[in-house]
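These notes are about the structure you will find just below.
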Amino acid sequence: MNERALRVLEFTKIREMLAAFALSDPGKQKCLTLTPLSDIAEVNRALDETEEAVAVLAYAGGNPLIGFQDVSEYLSLAEKGSTLSQKALLLVAESLRAARAARSSLVTDKENTPLITAMASRLQPLRQLETDITEAILSEEEISDRASPALMDIRRHIRQVNDRIRDKLNSMAHGAGYSKFLMESIVTVRGGRYVLPVKAEHRGDVPGLVHDQSATGATLFIEPLAVVEMGNDLKEWHMKERDEIERILSALSQQVGDNVALISQNLSILATLDFIFAKALLSRDMDCVRPKMNDQGKINLVRVRHPLIPRDQVVPCNLWLGEDFSSLVITGPNTGGKTVTLKTLGLMTLMAQSGMHIPGALGTELSTFEEVYADIGDEQSIEQSLSTFSSHMTNIVSIMNAVTPRDLVLFDELGAGTDPTEGAALAQVILNALLKIRVRTAATTHYSELKAYALSTKGVENASVEFDVSTLRPTYRLSIGVPGKSNAFEISRRLGLPEYLIEEAKDLLSHDTIRFEDVIANAEYHRQVAEKERELAEQARQETVKLRNEAEKLYRDMEEKKEASTRKAKEEARRIMEKARRDSEQILYDLKKMKKSGAVADHEVNNLKKRLEEGIDSLAEGLKTPTGSFAEPPKTVKVGDIVEITHLNTKGTVLSLPDAKGEVQLQAGIMKLKAHLSQLRLVDAPKPKKQSSSVHVATGAMERTVSMSCDVRGMALDEALAEVERYLDEAVMAGLHEVTIVHGKGTGILREGIQKHLKTYPHVKSYRRGKYGEGEEGVTVVELK
């Protein structure tokens, strides 16, 4: 792609905006050197990468990459055997951490990011090398004691020698023998040696080596002879420390040198990922969409915005080209937005061919071109003695010599800068030459001759930019199919030019020219009226859609409230049922005690128990979700009718006729309650229940039916224990000798709790876990006395 077009269409500024979103210098460099592609497969792949990165940003909430620096220079040194500095090694470790973080974030099982996932899968984290460097080097100035056992031992000796020297000097500084010779009773350091500040006049009283003196000469910093040998020892240990650090850095540099190829590959992949995510971040920042691409020269811009104009000022542009016509002639007044339209078309093409998303609406379609040529702006050169016309024509000549049907050509004020008649003729010839080879062309002009040319020539279409004469301000809207009017007379009149001058100017125009301009003005007027009516219709449609959405939302809210009310009623009924069950169990327990004491007959206990169980089962049955169709509430009921109590979602029997308020008394299980007729639905009498698998045992006064197993899966432990105890009571009263408790495997809490409880139950002889085929760990088989 020619650099002049990239500069004129301001693609270079887009590259700078893109680079601002990159995290690394290599990523920024890729952004700043970005050039459009011409192969449609490569363009679509680049757009796919950007789209995947946008999806990752939406899922992750931000950029999954972390910053890193270009360490290529350090890798080259390490490969040659050089020892890297602490800073260089830390930067290498930072790049390894960035590779590890990127791989961890991007290599997922998500199927909607195959390109980015495949790219990140090629990253080699080298976790061991990263750990070795970060554990050994704490900062650019500090090496960890744990960098090596030898370094730890050396530093331990340094600390010991330091302590001995300081202890010795402190004792001298505060001792009676030396303190009177010192300027201050302190220990300080000069030239890496521990010294005492001795008064100059007492130099001979403190034998030792002088390492420094104060600015006035009144104080000498002396290392006493008593610690000179220890100071020498300390210096030797410091030399050993320096040598060991050098060895550690050399060893780490050697590891880096051994992995240069992998680290370089990581840097390249990270830079590419940084570049891709910069495109995604720019897309999100500018609210862009992915354009549909083709290679047939078809262009359809839908509400596209120029990215360099602020969002609150830019007017979206709709433009199409390349299907019914290949050349577009854009006319209209100065400052109306013709040049911006040209630049928008060219810049959108360059951005799309660079794999970037477009600031526009869905439905935008662009084509790939081998070259984009643009003759926009005044580039006259005083040094080269070129006028405005000469400058434009020089550029146009170079374009005409190189253009092919696979190119896009943009002309701003084609033929301007010379005699209007000659300029219009040249412009028409140039457009006609490009039309013959079907080059996609867009040109702006003021020439009426080109407006007529576009009206009468197949493959060429007029377009115009709107201008509000009443306010003397452009609207920047583009209308295709209608030529624009220059509005010179109207603008001059609004600016105060005398009317007689305007009329004289009109007299100088030919009759055909005036008629042509009037036809344009009339067509433009009717087009604007149609546009306003279309906008009103669109507003009405949006209002209708809004009302429909609000109605749907209201309906959903009502349904949700209805479901919530139903759930609440069911929960309330369930709590009532559970309370009834607990009360019945307590009554049975009390009756059994009374039976043992002989206070009540055996058959009375059994009858009462049966009534309680039937009431609870009836109430539980009512909690099930009804499967029948909705019925109308009855106008009246008879005593004995079976009805459904809708607000409790349970069934009951009518005990009385409706009173004056329309309320009837009902029996629901063991409960009696009142309900209004509107809350009732008549149902058929319940059919006899089918006999389930159970054991029938005759015990004196009556026949008792008891299941051979008790299923407590899904219950809490306290609920399960109560259920097991009730069941065992029934099993004992029914005369069963062996029963099965089904508690499931799960976490084992139910099994352990139940088996612990069985140890305390007086009628349990023994228990065991289930055998193969019985349920194994999921059941407990109980033998009763």
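How things are named: the first chain in the structure tokens is A, the next is B, and so on; residues count from 1 in each chain; ligands count from 1 in the order shown.
Within 7 Å of range 310-325 of chain A, once only C-alpha atoms are used and residues closer than 3 positions along the same chain are dropped, the contacting residues are Gly297, Lys298, Ile299, Asn300, Leu301, Val302, Arg303, Val304, Arg305, His306, Arg440, Gly459, Val460, Glu461, Tyr476, Arg477 and Leu478 of chain A.
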Subject >> Selection near Gln213 in chain A, 12 Å with only C-alpha atoms, sequence-local residues under 6 positions removed, as number ranges by chain >> reply: A: 183, 189-191, 195-200, 203, 219-223
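Closest approach to Glu111 in chain A from the set A:Ala55, A:Leu414, A:Val260, A:Cys288 is made by A:Ala55, with distances taken over only C-alpha atoms.
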Original post:
Hey, what does DSSP flag as helix (DSSP H, G or I) within range 207-280 of chain A? Can you give it to me as JSON, numbers by chain?
Top reply: {"A": [225, 226, 227, 228, 229, 230, 231, 232, 233, 234, 235, 236, 237, 238, 239, 240, 241, 242, 243, 244, 245, 246, 247, 248, 249, 250, 251, 252, 253, 254, 255, 256, 257, 258, 260, 261, 262, 263, 264, 265, 266, 267, 268, 269, 270, 271, 272, 273, 274, 275, 276, 277, 278, 279, 280]}
Any idea what's packed within 12 Å of Val56 in chain A, counting only C-alpha atoms, ignoring anything in its chain fewer than 2 positions away? Could you give it as a PDB file with all heavy atoms, in the first residue's frame?
ATOM      1  N   GLU A  49      -9.031 -12.821  14.390  1.00  0.00           N
ATOM      2  CA  GLU A  49      -8.195 -12.670  15.586  1.00  0.00           C
ATOM      3  C   GLU A  49      -8.700 -11.516  16.449  1.00  0.00           C
ATOM      4  O   GLU A  49      -8.794 -11.639  17.677  1.00  0.00           O
ATOM      5  CB  GLU A  49      -6.737 -12.441  15.180  1.00  0.00           C
ATOM      6  CG  GLU A  49      -6.067 -13.658  14.562  1.00  0.00           C
ATOM      7  CD  GLU A  49      -4.689 -13.354  14.011  1.00  0.00           C
ATOM      8  OE1 GLU A  49      -4.351 -12.148  13.861  1.00  0.00           O
ATOM      9  OE2 GLU A  49      -3.940 -14.287  13.708  1.00  0.00           O
ATOM     10  N   THR A  50      -9.013 -10.395  15.795  1.00  0.00           N
ATOM     11  CA  THR A  50      -9.528  -9.239  16.543  1.00  0.00           C
ATOM     12  C   THR A  50     -10.852  -9.579  17.212  1.00  0.00           C
ATOM     13  O   THR A  50     -11.079  -9.228  18.370  1.00  0.00           O
ATOM     14  CB  THR A  50      -9.694  -8.034  15.606  1.00  0.00           C
ATOM     15  OG1 THR A  50      -8.455  -7.769  14.947  1.00  0.00           O
ATOM     16  CG2 THR A  50     -10.116  -6.795  16.385  1.00  0.00           C
ATOM     17  N   GLU A  51     -11.720 -10.269  16.491  1.00  0.00           N
ATOM     18  CA  GLU A  51     -13.033 -10.624  17.043  1.00  0.00           C
ATOM     19  C   GLU A  51     -12.883 -11.567  18.240  1.00  0.00           C
ATOM     20  O   GLU A  51     -13.584 -11.426  19.243  1.00  0.00           O
ATOM     21  CB  GLU A  51     -13.897 -11.271  15.963  1.00  0.00           C
ATOM     22  CG  GLU A  51     -15.343 -11.477  16.374  1.00  0.00           C
ATOM     23  CD  GLU A  51     -16.215 -11.895  15.217  1.00  0.00           C
ATOM     24  OE1 GLU A  51     -15.680 -12.426  14.225  1.00  0.00           O
ATOM     25  OE2 GLU A  51     -17.437 -11.698  15.306  1.00  0.00           O
ATOM     26  N   GLU A  52     -11.977 -12.530  18.142  1.00  0.00           N
ATOM     27  CA  GLU A  52     -11.737 -13.441  19.269  1.00  0.00           C
ATOM     28  C   GLU A  52     -11.207 -12.675  20.480  1.00  0.00           C
ATOM     29  O   GLU A  52     -11.597 -12.944  21.619  1.00  0.00           O
ATOM     30  CB  GLU A  52     -10.750 -14.533  18.852  1.00  0.00           C
ATOM     31  CG  GLU A  52     -11.332 -15.562  17.892  1.00  0.00           C
ATOM     32  CD  GLU A  52     -10.347 -16.684  17.592  1.00  0.00           C
ATOM     33  OE1 GLU A  52      -9.333 -16.787  18.327  1.00  0.00           O
ATOM     34  OE2 GLU A  52     -10.584 -17.451  16.647  1.00  0.00           O
ATOM     35  N   ALA A  53     -10.303 -11.728  20.230  1.00  0.00           N
ATOM     36  CA  ALA A  53      -9.753 -10.935  21.335  1.00  0.00           C
ATOM     37  C   ALA A  53     -10.846 -10.095  21.996  1.00  0.00           C
ATOM     38  O   ALA A  53     -10.857  -9.937  23.224  1.00  0.00           O
ATOM     39  CB  ALA A  53      -8.621 -10.034  20.832  1.00  0.00           C
ATOM     40  N   VAL A  54     -11.775  -9.554  21.200  1.00  0.00           N
ATOM     41  CA  VAL A  54     -12.907  -8.807  21.771  1.00  0.00           C
ATOM     42  C   VAL A  54     -13.741  -9.720  22.667  1.00  0.00           C
ATOM     43  O   VAL A  54     -14.166  -9.316  23.752  1.00  0.00           O
ATOM     44  CB  VAL A  54     -13.774  -8.202  20.646  1.00  0.00           C
ATOM     45  CG1 VAL A  54     -15.073  -7.642  21.214  1.00  0.00           C
ATOM     46  CG2 VAL A  54     -13.014  -7.103  19.926  1.00  0.00           C
ATOM     47  N   ALA A  58     -14.419  -9.363  26.739  1.00  0.00           N
ATOM     48  CA  ALA A  58     -15.754  -9.355  27.331  1.00  0.00           C
ATOM     49  C   ALA A  58     -15.866 -10.408  28.413  1.00  0.00           C
ATOM     50  O   ALA A  58     -16.473 -10.187  29.475  1.00  0.00           O
ATOM     51  CB  ALA A  58     -16.809  -9.594  26.252  1.00  0.00           C
ATOM     52  N   TYR A  59     -15.261 -11.581  28.191  1.00  0.00           N
ATOM     53  CA  TYR A  59     -15.343 -12.676  29.173  1.00  0.00           C
ATOM     54  C   TYR A  59     -14.470 -12.403  30.392  1.00  0.00           C
ATOM     55  O   TYR A  59     -14.894 -12.607  31.533  1.00  0.00           O
ATOM     56  CB  TYR A  59     -14.926 -13.990  28.512  1.00  0.00           C
ATOM     57  CG  TYR A  59     -14.921 -15.171  29.450  1.00  0.00           C
ATOM     58  CD1 TYR A  59     -16.104 -15.812  29.788  1.00  0.00           C
ATOM     59  CD2 TYR A  59     -13.731 -15.656  30.000  1.00  0.00           C
ATOM     60  CE1 TYR A  59     -16.103 -16.892  30.651  1.00  0.00           C
ATOM     61  CE2 TYR A  59     -13.723 -16.733  30.861  1.00  0.00           C
ATOM     62  CZ  TYR A  59     -14.919 -17.348  31.175  1.00  0.00           C
ATOM     63  OH  TYR A  59     -14.914 -18.418  32.035  1.00  0.00           O
ATOM     64  N   ALA A  60     -13.244 -11.912  30.131  1.00  0.00           N
ATOM     65  CA  ALA A  60     -12.298 -11.704  31.237  1.00  0.00           C
ATOM     66  C   ALA A  60     -12.502 -10.367  31.927  1.00  0.00           C
ATOM     67  O   ALA A  60     -12.028 -10.164  33.047  1.00  0.00           O
ATOM     68  CB  ALA A  60     -10.853 -11.798  30.724  1.00  0.00           C
ATOM     69  N   GLY A  61     -13.173  -9.422  31.283  1.00  0.00           N
ATOM     70  CA  GLY A  61     -13.387  -8.118  31.873  1.00  0.00           C
ATOM     71  C   GLY A  61     -12.230  -7.155  31.667  1.00  0.00           C
ATOM     72  O   GLY A  61     -12.288  -6.012  32.116  1.00  0.00           O
ATOM     73  N   GLY A  62     -11.183  -7.588  30.991  1.00  0.00           N
ATOM     74  CA  GLY A  62     -10.026  -6.722  30.758  1.00  0.00           C
ATOM     75  C   GLY A  62      -8.960  -7.481  29.988  1.00  0.00           C
ATOM     76  O   GLY A  62      -9.139  -8.648  29.604  1.00  0.00           O
ATOM     77  N   ASN A  63      -7.836  -6.830  29.772  1.00  0.00           N
ATOM     78  CA  ASN A  63      -6.742  -7.437  29.018  1.00  0.00           C
ATOM     79  C   ASN A  63      -6.113  -8.572  29.828  1.00  0.00           C
ATOM     80  O   ASN A  63      -5.635  -8.357  30.944  1.00  0.00           O
ATOM     81  CB  ASN A  63      -5.683  -6.373  28.707  1.00  0.00           C
ATOM     82  CG  ASN A  63      -4.733  -6.821  27.616  1.00  0.00           C
ATOM     83  OD1 ASN A  63      -4.563  -8.012  27.369  1.00  0.00           O
ATOM     84  ND2 ASN A  63      -4.106  -5.870  26.949  1.00  0.00           N
ATOM     85  N   PRO A  64      -6.090  -9.811  29.293  1.00  0.00           N
ATOM     86  CA  PRO A  64      -5.503 -10.929  30.046  1.00  0.00           C
ATOM     87  C   PRO A  64      -3.987 -10.938  30.026  1.00  0.00           C
ATOM     88  O   PRO A  64      -3.371 -11.725  30.749  1.00  0.00           O
ATOM     89  CB  PRO A  64      -6.070 -12.157  29.321  1.00  0.00           C
ATOM     90  CG  PRO A  64      -6.251 -11.693  27.914  1.00  0.00           C
ATOM     91  CD  PRO A  64      -6.644 -10.241  28.001  1.00  0.00           C
ATOM     92  N   LEU A  65      -3.370 -10.088  29.210  1.00  0.00           N
ATOM     93  CA  LEU A  65      -1.906 -10.050  29.127  1.00  0.00           C
ATOM     94  C   LEU A  65      -1.341  -9.133  30.200  1.00  0.00           C
ATOM     95  O   LEU A  65      -2.031  -8.251  30.702  1.00  0.00           O
ATOM     96  CB  LEU A  65      -1.467  -9.553  27.751  1.00  0.00           C
ATOM     97  CG  LEU A  65      -1.993 -10.312  26.528  1.00  0.00           C
ATOM     98  CD1 LEU A  65      -1.450  -9.673  25.257  1.00  0.00           C
ATOM     99  CD2 LEU A  65      -1.607 -11.776  26.597  1.00  0.00           C
ATOM    100  N   ALA A 102      -0.096 -15.479  30.041  1.00  0.00           N
ATOM    101  CA  ALA A 102      -0.875 -15.478  28.799  1.00  0.00           C
ATOM    102  C   ALA A 102      -1.359 -16.879  28.468  1.00  0.00           C
ATOM    103  O   ALA A 102      -2.522 -17.078  28.081  1.00  0.00           O
ATOM    104  CB  ALA A 102      -0.023 -14.926  27.653  1.00  0.00           C
ATOM    105  N   SER A 105      -4.186 -17.876  30.814  1.00  0.00           N
ATOM    106  CA  SER A 105      -5.441 -17.159  30.582  1.00  0.00           C
ATOM    107  C   SER A 105      -6.106 -17.536  29.272  1.00  0.00           C
ATOM    108  O   SER A 105      -7.338 -17.563  29.187  1.00  0.00           O
ATOM    109  CB  SER A 105      -5.191 -15.645  30.599  1.00  0.00           C
ATOM    110  OG  SER A 105      -4.665 -15.219  31.828  1.00  0.00           O
ATOM    111  N   LEU A 106      -5.311 -17.829  28.262  1.00  0.00           N
ATOM    112  CA  LEU A 106      -5.861 -17.954  26.911  1.00  0.00           C
ATOM    113  C   LEU A 106      -6.025 -19.390  26.435  1.00  0.00           C
ATOM    114  O   LEU A 106      -6.816 -19.634  25.522  1.00  0.00           O
ATOM    115  CB  LEU A 106      -4.971 -17.194  25.915  1.00  0.00           C
ATOM    116  CG  LEU A 106      -4.814 -15.696  26.189  1.00  0.00           C
ATOM    117  CD1 LEU A 106      -3.856 -15.073  25.193  1.00  0.00           C
ATOM    118  CD2 LEU A 106      -6.157 -14.999  26.130  1.00  0.00           C
ATOM    119  N   VAL A 107      -5.279 -20.328  27.009  1.00  0.00           N
ATOM    120  CA  VAL A 107      -5.430 -21.725  26.592  1.00  0.00           C
ATOM    121  C   VAL A 107      -6.551 -22.337  27.416  1.00  0.00           C
ATOM    122  O   VAL A 107      -6.357 -22.802  28.531  1.00  0.00           O
ATOM    123  CB  VAL A 107      -4.123 -22.520  26.772  1.00  0.00           C
ATOM    124  CG1 VAL A 107      -4.317 -23.969  26.351  1.00  0.00           C
ATOM    125  CG2 VAL A 107      -3.015 -21.881  25.945  1.00  0.00           C
ATOM    126  N   THR A 108      -7.764 -22.280  26.868  1.00  0.00           N
ATOM    127  CA  THR A 108      -8.947 -22.779  27.561  1.00  0.00           C
ATOM    128  C   THR A 108      -9.675 -23.749  26.641  1.00  0.00           C
ATOM    129  O   THR A 108      -9.270 -23.990  25.498  1.00  0.00           O
ATOM    130  CB  THR A 108      -9.892 -21.616  27.930  1.00  0.00           C
ATOM    131  OG1 THR A 108     -10.367 -21.002  26.727  1.00  0.00           O
ATOM    132  CG2 THR A 108      -9.155 -20.567  28.756  1.00  0.00           C
ATOM    133  N   LYS A 110     -12.617 -23.193  25.554  1.00  0.00           N
ATOM    134  CA  LYS A 110     -13.648 -22.450  24.830  1.00  0.00           C
ATOM    135  C   LYS A 110     -13.431 -22.619  23.323  1.00  0.00           C
ATOM    136  O   LYS A 110     -12.318 -22.476  22.825  1.00  0.00           O
ATOM    137  CB  LYS A 110     -13.613 -20.969  25.215  1.00  0.00           C
ATOM    138  CG  LYS A 110     -13.995 -20.741  26.665  1.00  0.00           C
ATOM    139  CD  LYS A 110     -13.963 -19.258  26.989  1.00  0.00           C
ATOM    140  CE  LYS A 110     -14.394 -19.030  28.423  1.00  0.00           C
ATOM    141  NZ  LYS A 110     -13.547 -19.742  29.376  1.00  0.00           N
ATOM    142  N   GLU A 111     -14.503 -22.902  22.607  1.00  0.00           N
ATOM    143  CA  GLU A 111     -14.403 -23.182  21.187  1.00  0.00           C
ATOM    144  C   GLU A 111     -14.516 -21.924  20.332  1.00  0.00           C
ATOM    145  O   GLU A 111     -14.355 -22.002  19.119  1.00  0.00           O
ATOM    146  CB  GLU A 111     -15.499 -24.176  20.781  1.00  0.00           C
ATOM    147  CG  GLU A 111     -15.379 -25.525  21.498  1.00  0.00           C
ATOM    148  CD  GLU A 111     -16.480 -26.478  21.091  1.00  0.00           C
ATOM    149  OE1 GLU A 111     -17.361 -26.056  20.317  1.00  0.00           O
ATOM    150  OE2 GLU A 111     -16.448 -27.634  21.539  1.00  0.00           O
ATOM    151  N   ASN A 112     -14.818 -20.775  20.951  1.00  0.00           N
ATOM    152  CA  ASN A 112     -15.022 -19.570  20.147  1.00  0.00           C
ATOM    153  C   ASN A 112     -13.750 -18.751  19.970  1.00  0.00           C
ATOM    154  O   ASN A 112     -13.798 -17.661  19.410  1.00  0.00           O
ATOM    155  CB  ASN A 112     -16.121 -18.699  20.767  1.00  0.00           C
ATOM    156  CG  ASN A 112     -15.787 -18.284  22.189  1.00  0.00           C
ATOM    157  OD1 ASN A 112     -14.947 -18.912  22.828  1.00  0.00           O
ATOM    158  ND2 ASN A 112     -16.420 -17.247  22.679  1.00  0.00           N
ATOM    159  N   THR A 113     -12.606 -19.237  20.451  1.00  0.00           N
ATOM    160  CA  THR A 113     -11.344 -18.507  20.252  1.00  0.00           C
ATOM    161  C   THR A 113     -10.251 -19.466  19.759  1.00  0.00           C
ATOM    162  O   THR A 113      -9.191 -19.565  20.387  1.00  0.00           O
ATOM    163  CB  THR A 113     -10.897 -17.823  21.563  1.00  0.00           C
ATOM    164  OG1 THR A 113     -10.753 -18.836  22.593  1.00  0.00           O
ATOM    165  CG2 THR A 113     -11.901 -16.796  22.018  1.00  0.00           C
ATOM    166  N   PRO A 114     -10.470 -20.158  18.656  1.00  0.00           N
ATOM    167  CA  PRO A 114      -9.474 -21.159  18.232  1.00  0.00           C
ATOM    168  C   PRO A 114      -8.148 -20.559  17.809  1.00  0.00           C
ATOM    169  O   PRO A 114      -7.092 -21.151  18.076  1.00  0.00           O
ATOM    170  CB  PRO A 114     -10.171 -21.850  17.044  1.00  0.00           C
ATOM    171  CG  PRO A 114     -11.161 -20.843  16.540  1.00  0.00           C
ATOM    172  CD  PRO A 114     -11.630 -20.099  17.758  1.00  0.00           C
ATOM    173  N   LEU A 115      -8.142 -19.398  17.167  1.00  0.00           N
ATOM    174  CA  LEU A 115      -6.888 -18.812  16.678  1.00  0.00           C
ATOM    175  C   LEU A 115      -6.012 -18.350  17.830  1.00  0.00           C
ATOM    176  O   LEU A 115      -4.806 -18.643  17.878  1.00  0.00           O
ATOM    177  CB  LEU A 115      -7.187 -17.643  15.732  1.00  0.00           C
ATOM    178  CG  LEU A 115      -7.947 -17.993  14.440  1.00  0.00           C
ATOM    179  CD1 LEU A 115      -8.257 -16.736  13.646  1.00  0.00           C
ATOM    180  CD2 LEU A 115      -7.135 -18.969  13.600  1.00  0.00           C
ATOM    181  N   ILE A 116      -6.608 -17.626  18.772  1.00  0.00           N
ATOM    182  CA  ILE A 116      -5.834 -17.127  19.910  1.00  0.00           C
ATOM    183  C   ILE A 116      -5.383 -18.291  20.802  1.00  0.00           C
ATOM    184  O   ILE A 116      -4.255 -18.299  21.308  1.00  0.00           O
ATOM    185  CB  ILE A 116      -6.667 -16.110  20.701  1.00  0.00           C
ATOM    186  CG1 ILE A 116      -6.747 -14.794  19.925  1.00  0.00           C
ATOM    187  CG2 ILE A 116      -6.086 -15.857  22.081  1.00  0.00           C
ATOM    188  CD1 ILE A 116      -7.520 -13.699  20.615  1.00  0.00           C
ATOM    189  N   THR A 117      -6.257 -19.269  20.986  1.00  0.00           N
ATOM    190  CA  THR A 117      -5.886 -20.434  21.805  1.00  0.00           C
ATOM    191  C   THR A 117      -4.712 -21.173  21.178  1.00  0.00           C
ATOM    192  O   THR A 117      -3.767 -21.575  21.883  1.00  0.00           O
ATOM    193  CB  THR A 117      -7.092 -21.377  21.950  1.00  0.00           C
ATOM    194  OG1 THR A 117      -8.156 -20.687  22.604  1.00  0.00           O
ATOM    195  CG2 THR A 117      -6.710 -22.601  22.771  1.00  0.00           C
ATOM    196  N   LEU A 273       0.311 -11.259  20.231  1.00  0.00           N
ATOM    197  CA  LEU A 273      -0.893 -11.229  21.071  1.00  0.00           C
ATOM    198  C   LEU A 273      -1.165  -9.819  21.590  1.00  0.00           C
ATOM    199  O   LEU A 273      -2.322  -9.366  21.635  1.00  0.00           O
ATOM    200  CB  LEU A 273      -0.732 -12.200  22.249  1.00  0.00           C
ATOM    201  CG  LEU A 273      -0.818 -13.689  21.915  1.00  0.00           C
ATOM    202  CD1 LEU A 273      -0.440 -14.532  23.137  1.00  0.00           C
ATOM    203  CD2 LEU A 273      -2.227 -14.072  21.441  1.00  0.00           C
ATOM    204  N   ILE A 276      -2.723  -7.929  18.797  1.00  0.00           N
ATOM    205  CA  ILE A 276      -4.116  -8.339  18.553  1.00  0.00           C
ATOM    206  C   ILE A 276      -5.039  -7.750  19.619  1.00  0.00           C
ATOM    207  O   ILE A 276      -6.126  -7.236  19.312  1.00  0.00           O
ATOM    208  CB  ILE A 276      -4.220  -9.882  18.530  1.00  0.00           C
ATOM    209  CG1 ILE A 276      -3.506 -10.434  17.298  1.00  0.00           C
ATOM    210  CG2 ILE A 276      -5.680 -10.328  18.543  1.00  0.00           C
ATOM    211  CD1 ILE A 276      -3.376 -11.943  17.289  1.00  0.00           C
ATOM    212  N   PHE A 277      -4.618  -7.805  20.876  1.00  0.00           N
ATOM    213  CA  PHE A 277      -5.465  -7.275  21.937  1.00  0.00           C
ATOM    214  C   PHE A 277      -5.515  -5.745  21.903  1.00  0.00           C
ATOM    215  O   PHE A 277      -6.491  -5.147  22.356  1.00  0.00           O
ATOM    216  CB  PHE A 277      -4.998  -7.779  23.302  1.00  0.00           C
ATOM    217  CG  PHE A 277      -5.541  -9.140  23.636  1.00  0.00           C
ATOM    218  CD1 PHE A 277      -4.784 -10.274  23.422  1.00  0.00           C
ATOM    219  CD2 PHE A 277      -6.830  -9.282  24.127  1.00  0.00           C
ATOM    220  CE1 PHE A 277      -5.293 -11.525  23.695  1.00  0.00           C
ATOM    221  CE2 PHE A 277      -7.350 -10.533  24.418  1.00  0.00           C
ATOM    222  CZ  PHE A 277      -6.587 -11.658  24.201  1.00  0.00           C
ATOM    223  N   ALA A 280      -8.286  -5.144  19.645  1.00  0.00           N
ATOM    224  CA  ALA A 280      -9.565  -5.414  20.323  1.00  0.00           C
ATOM    225  C   ALA A 280      -9.922  -4.282  21.283  1.00  0.00           C
ATOM    226  O   ALA A 280     -11.086  -3.882  21.386  1.00  0.00           O
ATOM    227  CB  ALA A 280      -9.473  -6.741  21.068  1.00  0.00           C
ATOM    228  N   LEU A 281      -8.930  -3.769  21.999  1.00  0.00           N
ATOM    229  CA  LEU A 281      -9.192  -2.668  22.936  1.00  0.00           C
ATOM    230  C   LEU A 281      -9.616  -1.405  22.195  1.00  0.00           C
ATOM    231  O   LEU A 281     -10.503  -0.667  22.651  1.00  0.00           O
ATOM    232  CB  LEU A 281      -7.944  -2.404  23.783  1.00  0.00           C
ATOM    233  CG  LEU A 281      -7.622  -3.471  24.837  1.00  0.00           C
ATOM    234  CD1 LEU A 281      -6.198  -3.301  25.361  1.00  0.00           C
ATOM    235  CD2 LEU A 281      -8.611  -3.405  25.996  1.00  0.00           C
ATOM    236  N   ARG A 284     -13.199  -1.891  21.147  1.00  0.00           N
ATOM    237  CA  ARG A 284     -14.127  -1.677  22.254  1.00  0.00           C
ATOM    238  C   ARG A 284     -14.234  -0.194  22.605  1.00  0.00           C
ATOM    239  O   ARG A 284     -15.318   0.312  22.900  1.00  0.00           O
ATOM    240  CB  ARG A 284     -13.673  -2.481  23.482  1.00  0.00           C
ATOM    241  CG  ARG A 284     -14.669  -2.461  24.617  1.00  0.00           C
ATOM    242  CD  ARG A 284     -14.271  -3.420  25.719  1.00  0.00           C
ATOM    243  NE  ARG A 284     -13.083  -2.984  26.428  1.00  0.00           N
ATOM    244  CZ  ARG A 284     -12.621  -3.558  27.535  1.00  0.00           C
ATOM    245  NH1 ARG A 284     -13.239  -4.604  28.042  1.00  0.00           N
ATOM    246  NH2 ARG A 284     -11.535  -3.114  28.129  1.00  0.00           N
TER     247      ARG A 284
END
Original post:
If you count only C-alpha atoms, which residues fall within 12 Å of Glu774 in chain A, apart from same-chain ones fewer than 5 positions away, as an MDAnalysis selection string?
Top reply: chainID A and resid 709 739:742 744 768:769 779:781
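Atom pair CA of Arg15 in chain A / CA of Ala361 in chain A has a distance of 21.9 Å (rounded to one decimal).
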Original post:
Can you tell me how far CA of Lys765 in chain A sits from CA of Lys745 in chain A, in Å to one decimal?
Top reply: 23.5 Å
Write out as a CSV table (one decimal) with N, CA and C atoms, in the first residue's frame the residues lying within 10 Å of Glu3 in chain A, counting only C-alpha atoms and excluding same-chain residues fewer than 3 positions away.
chain,number,residue,atom,x,y,z
A,6,LEU,N,-1.6,6.3,2.8
A,6,LEU,CA,-1.7,6.1,4.3
A,6,LEU,C,-1.6,7.4,5.0
A,7,ARG,N,-0.8,8.3,4.5
A,7,ARG,CA,-0.6,9.6,5.2
A,7,ARG,C,-1.8,10.6,4.9
A,8,VAL,N,-2.3,10.6,3.7
A,8,VAL,CA,-3.3,11.5,3.3
A,8,VAL,C,-4.7,11.1,4.0
A,9,LEU,N,-4.9,9.8,4.1
A,9,LEU,CA,-6.1,9.3,4.7
A,9,LEU,C,-6.0,9.2,6.2
A,11,PHE,N,-4.3,7.3,8.1
A,11,PHE,CA,-4.1,6.0,8.7
A,11,PHE,C,-3.0,6.0,9.7
A,12,THR,N,-2.0,6.8,9.5
A,12,THR,CA,-0.8,6.9,10.4
A,12,THR,C,-1.3,7.3,11.8
A,35,THR,N,0.5,-2.4,8.2
A,35,THR,CA,0.1,-2.0,6.8
A,35,THR,C,-1.0,-2.9,6.4
A,372,VAL,N,-5.0,1.6,-2.6
A,372,VAL,CA,-5.9,2.7,-2.4
A,372,VAL,C,-5.2,4.0,-2.8
A,373,TYR,N,-5.7,4.7,-3.8
A,373,TYR,CA,-5.0,5.9,-4.3
A,373,TYR,C,-5.9,7.1,-3.8
